[in-house]
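> As input, take structure.txt (compact mmCIF, C-alpha atoms):
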```txt
# COMPACT_ATOMS: atom_id res chain seq x y z
CA MET A 8 -5.29 -5.48 2.49
CA THR A 9 -3.68 -8.83 2.02
CA GLY A 10 -4.72 -11.22 -0.71
CA PHE A 11 -3.55 -14.23 -2.67
CA GLY A 12 -4.57 -15.85 -5.93
CA GLN A 13 -3.21 -18.49 -8.28
CA SER A 14 -4.19 -19.74 -11.71
CA GLN A 15 -2.72 -21.84 -14.51
CA GLY A 16 -3.06 -22.06 -18.24
CA LYS A 17 -1.52 -23.72 -21.28
CA ILE A 18 -0.06 -22.12 -24.35
CA GLY A 19 0.84 -24.83 -26.84
CA ASN A 20 3.08 -27.29 -25.01
CA THR A 21 3.99 -24.76 -22.34
CA SER A 22 2.24 -24.59 -18.93
CA ILE A 23 2.08 -21.17 -17.30
CA SER A 24 1.40 -20.58 -13.61
CA ILE A 25 0.69 -17.11 -12.22
CA GLU A 26 0.54 -16.19 -8.53
CA VAL A 27 -0.36 -12.77 -7.13
CA LYS A 28 0.17 -11.69 -3.53
CA THR A 29 -0.89 -8.32 -2.12
CA VAL A 30 0.13 -6.65 1.12
CA ASN A 31 -0.50 -3.23 2.64
CA HIS A 32 1.23 -0.21 1.13
CA ARG A 33 0.46 3.51 1.05
CA PHE A 34 0.67 3.55 -2.74
CA LEU A 35 0.32 1.08 -5.61
CA ASP A 36 3.64 -0.71 -6.01
CA PHE A 37 4.53 -3.57 -8.37
CA SER A 38 7.05 -6.40 -8.22
CA PHE A 39 7.38 -8.97 -11.03
CA LYS A 40 9.34 -12.21 -10.89
CA MET A 41 9.05 -13.95 -14.23
CA PRO A 42 11.03 -15.36 -17.19
CA ARG A 43 12.64 -12.77 -19.41
CA GLU A 44 10.40 -13.66 -22.33
CA PHE A 45 7.45 -12.08 -20.50
CA LEU A 46 9.10 -8.71 -19.87
CA ALA A 47 7.45 -7.40 -23.04
CA PHE A 48 4.06 -7.84 -21.32
CA GLU A 49 4.93 -6.02 -18.07
CA ASP A 50 3.24 -2.71 -18.94
CA ALA A 51 0.09 -4.49 -20.11
CA MET A 52 -0.01 -6.49 -16.87
CA LYS A 53 0.39 -3.32 -14.78
CA GLN A 54 -2.56 -1.75 -16.61
CA LYS A 55 -4.64 -4.83 -15.89
CA ILE A 56 -3.72 -4.74 -12.18
CA ARG A 57 -4.67 -1.04 -11.96
CA GLN A 58 -8.19 -2.00 -13.01
CA TYR A 59 -8.51 -3.98 -9.77
CA PHE A 60 -6.40 -2.21 -7.15
CA ASN A 61 -5.49 1.35 -6.17
CA ARG A 62 -3.23 0.76 -3.18
CA GLY A 63 -0.94 -2.00 -1.95
CA ARG A 64 2.20 -3.85 -2.93
CA ILE A 65 1.42 -6.31 -5.70
CA ASP A 66 3.85 -9.24 -6.12
CA VAL A 67 3.42 -11.20 -9.36
CA PHE A 68 5.14 -14.55 -9.84
CA ILE A 69 5.09 -16.27 -13.24
CA ASN A 70 6.54 -19.74 -13.82
CA ILE A 71 6.61 -21.84 -16.97
CA SER A 72 7.11 -25.56 -17.44
CA GLY A 73 7.19 -27.87 -20.41
CA GLU A 74 8.40 -26.65 -23.75
CA GLU A 75 10.49 -23.49 -23.71
CA MET A 76 9.00 -20.50 -25.48
CA LYS A 77 12.23 -19.78 -27.30
CA HIS A 78 13.57 -20.58 -30.76
CA LYS A 79 17.32 -20.93 -31.24
CA ASN A 80 19.11 -19.74 -34.36
CA ILE A 81 22.64 -20.99 -35.00
CA GLN A 82 24.72 -18.92 -37.38
CA VAL A 83 28.31 -19.21 -38.55
CA ASN A 84 30.57 -16.35 -37.60
CA TRP A 85 32.03 -16.06 -41.09
CA ASN A 86 34.34 -13.22 -40.23
CA THR A 87 35.95 -15.22 -37.43
CA LEU A 88 36.21 -18.33 -39.64
CA ASP A 89 37.96 -16.35 -42.41
CA GLN A 90 40.48 -15.03 -39.91
CA TYR A 91 41.17 -18.53 -38.60
CA LEU A 92 41.68 -19.94 -42.12
CA GLN A 93 43.95 -17.08 -43.11
CA ALA A 94 46.03 -17.60 -39.98
CA LEU A 95 46.30 -21.36 -40.62
CA ASN A 96 47.41 -20.79 -44.22
CA GLU A 97 50.06 -18.34 -43.04
CA ILE A 98 51.32 -20.96 -40.59
CA LYS A 99 51.61 -23.51 -43.41
CA GLU A 100 53.48 -21.08 -45.67
CA LYS A 101 55.90 -19.65 -43.11
CA ARG A 102 56.68 -22.78 -41.12
CA ASP A 103 56.57 -25.39 -43.88
CA VAL A 104 53.65 -27.25 -42.28
CA SER A 105 51.81 -29.71 -44.49
CA GLY A 106 48.37 -31.27 -44.24
CA ASP A 107 44.80 -30.42 -45.04
CA ILE A 108 42.41 -28.56 -42.76
CA GLU A 109 39.60 -30.94 -41.87
CA LEU A 110 36.06 -30.13 -40.73
CA GLU A 111 36.80 -31.59 -37.29
CA ASP A 112 39.62 -29.09 -36.91
CA ILE A 113 37.30 -26.23 -37.77
CA LEU A 114 34.66 -27.36 -35.27
CA GLN A 115 37.23 -27.05 -32.47
CA LEU A 116 37.69 -23.34 -33.10
CA GLU A 117 36.26 -20.94 -30.50
CA ASP A 118 33.53 -18.40 -31.24
CA LEU A 119 32.87 -19.96 -34.62
CA PHE A 120 29.12 -20.18 -34.09
CA ILE A 121 26.67 -17.52 -32.94
CA GLU A 122 23.64 -18.72 -30.96
CA ASP A 123 20.64 -16.39 -31.04
CA GLU A 124 17.44 -16.99 -29.05
CA GLU A 125 14.20 -15.60 -30.39
CA VAL A 126 11.09 -15.43 -28.23
CA GLN A 127 7.83 -16.01 -30.04
CA ILE A 128 5.95 -12.87 -28.99
CA ASP A 129 2.61 -11.98 -30.53
CA GLU A 130 -0.76 -10.47 -29.59
CA THR A 131 -2.33 -13.88 -29.07
CA LEU A 132 0.27 -14.80 -26.46
CA GLN A 133 -0.21 -11.50 -24.64
CA LYS A 134 -3.98 -11.99 -24.61
CA GLN A 135 -3.62 -15.47 -23.12
CA ILE A 136 -1.23 -14.23 -20.43
CA LEU A 137 -3.60 -11.42 -19.48
CA THR A 138 -6.53 -13.86 -19.35
CA ILE A 139 -4.69 -16.02 -16.83
CA LEU A 140 -3.66 -12.93 -14.85
CA GLU A 141 -7.24 -11.63 -14.76
CA ASP A 142 -8.46 -14.93 -13.33
CA VAL A 143 -5.84 -14.60 -10.58
CA LEU A 144 -6.78 -10.98 -9.86
CA GLN A 145 -10.45 -11.95 -9.49
CA LYS A 146 -9.47 -14.48 -6.82
CA VAL A 147 -7.28 -11.92 -5.02
CA LEU A 148 -10.08 -9.35 -5.16
CA THR A 149 -12.59 -11.80 -3.67
CA MET A 150 -10.21 -12.57 -0.82
CA ARG A 151 -9.60 -8.86 -0.17
CA GLN A 152 -13.34 -8.15 -0.23
CA ASP A 153 -13.96 -10.83 2.38
CA GLU A 154 -11.24 -9.32 4.54
CA GLY A 155 -12.70 -5.88 3.89
CA LYS A 156 -16.08 -6.90 5.33
CA ALA A 157 -14.41 -8.01 8.55
CA LEU A 158 -12.34 -4.80 8.70
CA LYS A 159 -15.43 -2.66 8.13
CA GLN A 160 -17.27 -4.29 11.02
CA ASP A 161 -14.27 -3.93 13.31
CA VAL A 162 -13.87 -0.23 12.46
CA LEU A 163 -17.61 0.32 13.00
CA ASN A 164 -17.39 -1.29 16.43
CA HIS A 165 -14.61 1.07 17.48
CA VAL A 166 -16.36 4.10 15.93
CA ASN A 167 -19.52 3.31 17.86
CA GLU A 168 -17.45 3.13 21.03
CA VAL A 169 -16.00 6.56 20.19
CA LYS A 170 -19.53 7.91 19.86
CA GLN A 171 -20.58 6.46 23.22
CA LEU A 172 -17.55 8.01 24.91
CA THR A 173 -18.30 11.35 23.25
CA ASP A 174 -21.88 11.07 24.55
CA GLN A 175 -20.42 10.73 28.05
CA LEU A 176 -18.35 13.88 27.52
CA GLU A 177 -21.44 15.78 26.42
CA GLN A 178 -23.56 14.52 29.33
CA ASN A 179 -20.94 15.56 31.88
CA MET A 180 -19.90 18.79 30.20
CA ASP A 181 -22.28 21.18 32.01
CA ALA A 182 -21.58 19.75 35.46
CA ILE A 183 -17.86 19.82 34.82
CA GLN A 184 -18.03 23.43 33.56
CA GLU A 185 -19.92 24.52 36.70
CA GLU A 186 -17.43 22.73 38.93
CA TYR A 187 -14.62 24.38 37.00
CA LYS A 188 -16.15 27.84 37.54
CA VAL A 189 -16.32 27.26 41.31
CA LYS A 190 -12.68 26.14 41.45
CA ILE A 191 -11.48 29.07 39.36
CA THR A 192 -13.46 31.56 41.45
CA GLU A 193 -11.97 30.21 44.67
CA ARG A 194 -8.43 30.34 43.29
CA ILE A 195 -8.82 33.92 42.06
CA LYS A 196 -10.22 35.07 45.42
CA ASP A 197 -7.35 33.35 47.23
CA HIS A 198 -4.81 35.25 45.14
CA LEU A 199 -6.51 38.66 45.43
CA ASN A 200 -5.99 40.86 48.45
CA ASP A 201 -9.23 41.23 50.45
CA SER A 202 -8.98 44.98 50.20
CA VAL A 203 -8.85 45.06 46.44
CA GLN A 204 -11.35 42.34 45.61
CA ASP A 205 -13.52 43.40 42.70
CA GLU A 206 -16.51 41.16 42.10
CA ALA A 207 -16.89 42.31 38.49
CA ARG A 208 -13.23 41.57 37.81
CA ILE A 209 -13.57 38.13 39.32
CA VAL A 210 -16.60 37.37 37.16
CA GLN A 211 -14.75 38.58 34.07
CA GLU A 212 -11.65 36.46 34.78
CA VAL A 213 -13.79 33.38 35.48
CA ALA A 214 -15.71 33.86 32.24
CA ILE A 215 -12.48 34.13 30.21
CA LEU A 216 -10.86 31.06 31.78
CA THR A 217 -14.05 29.03 31.63
CA ASP A 218 -14.48 29.83 27.94
CA LYS A 219 -10.95 28.61 27.27
CA ALA A 220 -11.83 25.32 28.91
CA ASN A 221 -15.08 24.92 26.99
CA ILE A 222 -15.04 21.65 25.02
CA ALA A 223 -18.43 22.00 23.31
CA GLU A 224 -16.94 22.71 19.87
CA GLU A 225 -14.57 19.77 20.08
CA ILE A 226 -17.44 17.46 21.07
CA THR A 227 -19.51 18.69 18.12
CA ARG A 228 -16.62 17.99 15.74
CA LEU A 229 -16.09 14.54 17.23
CA PHE A 230 -19.73 13.67 16.52
CA SER A 231 -19.33 15.01 12.98
CA HIS A 232 -16.18 13.00 12.30
CA VAL A 233 -17.82 9.84 13.63
CA GLU A 234 -20.69 10.24 11.17
CA GLN A 235 -18.27 10.94 8.32
CA VAL A 236 -16.37 7.73 9.08
CA LYS A 237 -19.61 5.75 8.97
CA GLU A 238 -20.65 7.36 5.68
CA THR A 239 -17.22 6.77 4.17
CA LEU A 240 -17.33 3.06 5.04
CA GLU A 241 -20.41 2.72 2.83
CA LEU A 242 -18.73 4.18 -0.27
CA HIS A 243 -17.90 1.84 -3.17
CA GLN A 244 -14.53 3.39 -3.96
CA PRO A 245 -11.04 3.63 -2.41
CA ILE A 246 -11.53 5.12 1.07
CA GLY A 247 -8.27 4.40 2.89
CA ARG A 248 -6.78 7.88 2.62
CA LYS A 249 -10.00 9.64 3.62
CA LEU A 250 -10.38 7.38 6.65
CA ASP A 251 -6.77 8.05 7.57
CA PHE A 252 -7.47 11.80 7.50
CA LEU A 253 -10.66 11.45 9.58
CA THR A 254 -8.81 9.35 12.14
CA GLN A 255 -6.20 12.08 12.51
CA GLU A 256 -8.98 14.63 13.04
CA LEU A 257 -10.61 12.46 15.70
CA LEU A 258 -7.30 12.22 17.52
CA ARG A 259 -6.66 15.97 17.20
CA GLU A 260 -10.01 16.89 18.76
CA THR A 261 -9.48 14.37 21.56
CA ASN A 262 -6.02 15.78 22.34
CA THR A 263 -7.49 19.30 22.44
CA ILE A 264 -10.11 18.19 24.96
CA GLY A 265 -7.41 16.56 27.06
CA SER A 266 -5.31 19.74 27.09
CA LYS A 267 -8.29 21.93 28.03
CA SER A 268 -9.55 19.95 30.98
CA ASN A 269 -7.90 18.86 34.22
CA ASP A 270 -10.98 17.02 35.39
CA VAL A 271 -10.28 13.42 36.39
CA GLN A 272 -13.45 12.08 34.81
CA ILE A 273 -12.76 13.87 31.52
CA SER A 274 -9.18 12.59 31.55
CA LYS A 275 -10.39 9.01 31.89
CA ILE A 276 -12.75 9.42 28.92
CA VAL A 277 -9.97 11.03 26.86
CA VAL A 278 -7.67 8.07 27.52
CA ALA A 279 -10.41 5.66 26.47
CA LEU A 280 -11.09 7.73 23.33
CA LYS A 281 -7.42 7.69 22.34
CA SER A 282 -7.32 3.94 22.75
CA GLU A 283 -10.32 3.40 20.46
CA ILE A 284 -9.05 5.88 17.85
CA GLU A 285 -5.63 4.18 17.77
CA LYS A 286 -7.37 0.87 17.08
CA ILE A 287 -9.25 2.50 14.20
CA LYS A 288 -6.01 3.98 12.89
CA GLU A 289 -4.33 0.56 12.86
CA GLN A 290 -7.15 -0.98 10.84
CA VAL A 291 -7.38 1.94 8.44
CA GLN A 292 -3.84 1.14 7.27
CA ASN A 293 -5.26 -2.14 5.94
CA ILE A 294 -8.03 -0.49 3.92
CA GLU A 295 -7.62 0.48 0.28
```
What does the file become when written as structure tokens?

Amino acid sequence: MTGFGQSQGKIGNTSISIEVKTVNHRFLDFSFKMPREFLAFEDAMKQKIRQYFNRGRIDVFINISGEEMKHKNIQVNWNTLDQYLQALNEIKEKRDVSGDIELEDILQLEDLFIEDEEVQIDETLQKQILTILEDVLQKVLTMRQDEGKALKQDVLNHVNEVKQLTDQLEQNMDAIQEEYKVKITERIKDHLNDSVQDEARIVQEVAILTDKANIAEEITRLFSHVEQVKETLELHQPIGRKLDFLTQELLRETNTIGSKSNDVQISKIVVALKSEIEKIKEQVQNIE
């Protein structure tokens, strides 16, 4: 499911803003865009996110403003300086160059100073970052829960429609089976020579073919899957994968019914069933 949350906090003279966006994904996937000084907290932030979400792509954006959270250390590269001085003294000795080496001359030399940035990382800073992140995650979760309620109702509407269509299949099943027997009997008689017609054989062939076209088991399983979908929607845990499986089973039973029957009325119901199940399948992809 999609979701968005934003929160801000202050650490000393530095303002920190955290945004989290979530979109649909089969698995739990992370993406962080933040200053390098927060890389040390990435694993801790992932653990915090896992407490809230099990599926989806989670994009985390962290921005800072105000005072930088870095401390610069300037050090003299003494080895380089010694080499410069030695070289200058050699120039004076070998080329008869006079004059003193002034500080301004030294400051013009390249790579004389080493600049080192230290990030002030401690447990207190990590705790403050995670506090801000948790506030954001609560907002995202609330938004996803609101969306989830709407998704649940939509899925229920389509599931109820599937049940009504399955009821129609069940109500028409006996009449369709009887009509099918009559058609099969007529076709077999047409293809058998009058002199070799065997009533027992005809009855046997009709029974075999009619049994192959029996859709009672598929109807029973459709009813069962419908009830399982409804029960699953009431669970307080990740249900996306289970719903995805049940949707595939609904579609499989419907396809089997379609392949077994050539009846026009059954075919119409099968088309309507497939349409409703596809709508459920689309919504299930949005459910964690």
> Restricting the calculation to only C-alpha atoms: of A:Gln178, A:Ser72, A:Phe45, A:Glu234, which residue gets closest to Ile23 of chain A?
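Checking each of A:Gln178, A:Ser72, A:Phe45, A:Glu234 against Ile23 of chain A, counting only C-alpha atoms, the winner is A:Ser72.
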> For Leu116 of chain A, list every protein, DNA or RNA residue within 10 Å, evaluated using only C-alpha atoms, and leave out those in the same chain fewer than 6 positions away; present the list as a ChimeraX atom specification.
/A:87-88,91
> What lies within 10 Å of Gln15 of chain A using all atoms listed in the file, ignoring chain neighbours under 3 positions off, as a PyMOL selection string?
chain A and resi 22-26+69-71+136+139-140+142-143
> So which residues touch Gln90 of chain A within 12 Å, counting all atoms listed in the file, skipping near sequence neighbours fewer than 3 positions away, as a VMD selection string?
chain A and resid 84 to 87 93 to 97 113 116 to 119
> Kindly indicate which residue among A:Glu241, A:Leu172, A:Ala223, A:Asp89 lies nearest to Val278 of chain A, using only C-alpha atoms for the distances.
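Closest candidate: A:Leu172.
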> Kindly indicate which residue among A:Gly155, A:Gly63, A:Gly73, A:Pro42 lies nearest to Gly19 of chain A, using all atoms listed in the file for the distances.
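Looking at the shortest contact to Gly19 of chain A, the residue is A:Gly73.
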> Using only C-alpha atoms, which residue out of A:Lys275, A:Asn31, A:Leu110, A:Leu229 lies closest to Leu92 of chain A?
A:Leu110
> Hey, can you check how far atom CA of Lys40 of chain A sits from atom CA of Val27 of chain A?
10.4 Å
> Could you jot down the atom CA of Glu289 of chain A to atom CA of His243 of chain A separation for me, Å, one decimal place?
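Taking atom CA of Glu289 of chain A as the start and atom CA of His243 of chain A as the end point, the length is 21.0 Å.
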> Would you please work out which residue, of A:Ile287, A:Ala51, A:Val277, A:Ile98, is nearest to Thr138 of chain A when using all atoms listed in the file?
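Ranked by minimum distance to Thr138 of chain A, first place goes to A:Ala51.
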> Name the closest residue to Thr29 of chain A among the candidates A:Ile121, A:Leu250, A:Val67, A:Ile81; distances are taken between atoms, counting all atoms listed in the file.
A:Val67
> For the atom pair atom CA of Lys28 of chain A and atom CA of Gln292 of chain A, what is the interatomic distance in Å to one decimal place?
17.2 Å
> Please tell me which residues are no farther than 6 Å from (8.4, -11.9, -6.0) in the file, counting all atoms listed in the file, and write them as a PDB file with C-alpha atoms, in the coordinates of the input.

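Result file result-v9.pdb:
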```pdb
ATOM      1  CA  PHE A  39       7.380  -8.970 -11.030  1.00  0.00           C
ATOM      2  CA  LYS A  40       9.340 -12.210 -10.890  1.00  0.00           C
ATOM      3  CA  ASP A  66       3.850  -9.240  -6.120  1.00  0.00           C
ATOM      4  CA  PHE A  68       5.140 -14.550  -9.840  1.00  0.00           C
TER       5      PHE A  68
END
```
> Can you tell me, as JSON, numbers by chain, what residues are no more than 10 Å from Leu176 of chain A when counting all atoms listed in the file, ignoring any on the same chain fewer than 2 positions away?
{"A": [170, 171, 172, 173, 174, 178, 179, 180, 181, 183, 222, 223, 226, 264, 272, 273, 276, 277]}
> What box, with edges along x, y and z, holds each listed atom of segment 16-19 of chain A when 4 Å is added on every side, and can you state its centre and edge lengths in Å to one decimal, as AutoDock Vina command-line options?

```
--center_x -1.1 --center_y -23.4 --center_z -22.5 --size_x 11.9 --size_y 10.8 --size_z 16.6
```
> Find the residues with any atom within 12 Å of (-3.5, -0.3, 14.8); use only C-alpha atoms and the coordinates as given in the file, and write the answer as a PDB file with C-alpha atoms, in the frame of the given file.

```
ATOM      1  CA  LEU A 158     -12.340  -4.800   8.700  1.00  0.00           C
ATOM      2  CA  ASP A 161     -14.270  -3.930  13.310  1.00  0.00           C
ATOM      3  CA  VAL A 162     -13.870  -0.230  12.460  1.00  0.00           C
ATOM      4  CA  HIS A 165     -14.610   1.070  17.480  1.00  0.00           C
ATOM      5  CA  ASP A 251      -6.770   8.050   7.570  1.00  0.00           C
ATOM      6  CA  THR A 254      -8.810   9.350  12.140  1.00  0.00           C
ATOM      7  CA  LYS A 281      -7.420   7.690  22.340  1.00  0.00           C
ATOM      8  CA  SER A 282      -7.320   3.940  22.750  1.00  0.00           C
ATOM      9  CA  GLU A 283     -10.320   3.400  20.460  1.00  0.00           C
ATOM     10  CA  ILE A 284      -9.050   5.880  17.850  1.00  0.00           C
ATOM     11  CA  GLU A 285      -5.630   4.180  17.770  1.00  0.00           C
ATOM     12  CA  LYS A 286      -7.370   0.870  17.080  1.00  0.00           C
ATOM     13  CA  ILE A 287      -9.250   2.500  14.200  1.00  0.00           C
ATOM     14  CA  LYS A 288      -6.010   3.980  12.890  1.00  0.00           C
ATOM     15  CA  GLU A 289      -4.330   0.560  12.860  1.00  0.00           C
ATOM     16  CA  GLN A 290      -7.150  -0.980  10.840  1.00  0.00           C
ATOM     17  CA  VAL A 291      -7.380   1.940   8.440  1.00  0.00           C
ATOM     18  CA  GLN A 292      -3.840   1.140   7.270  1.00  0.00           C
ATOM     19  CA  ASN A 293      -5.260  -2.140   5.940  1.00  0.00           C
ATOM     20  CA  ILE A 294      -8.030  -0.490   3.920  1.00  0.00           C
TER      21      ILE A 294
END
```
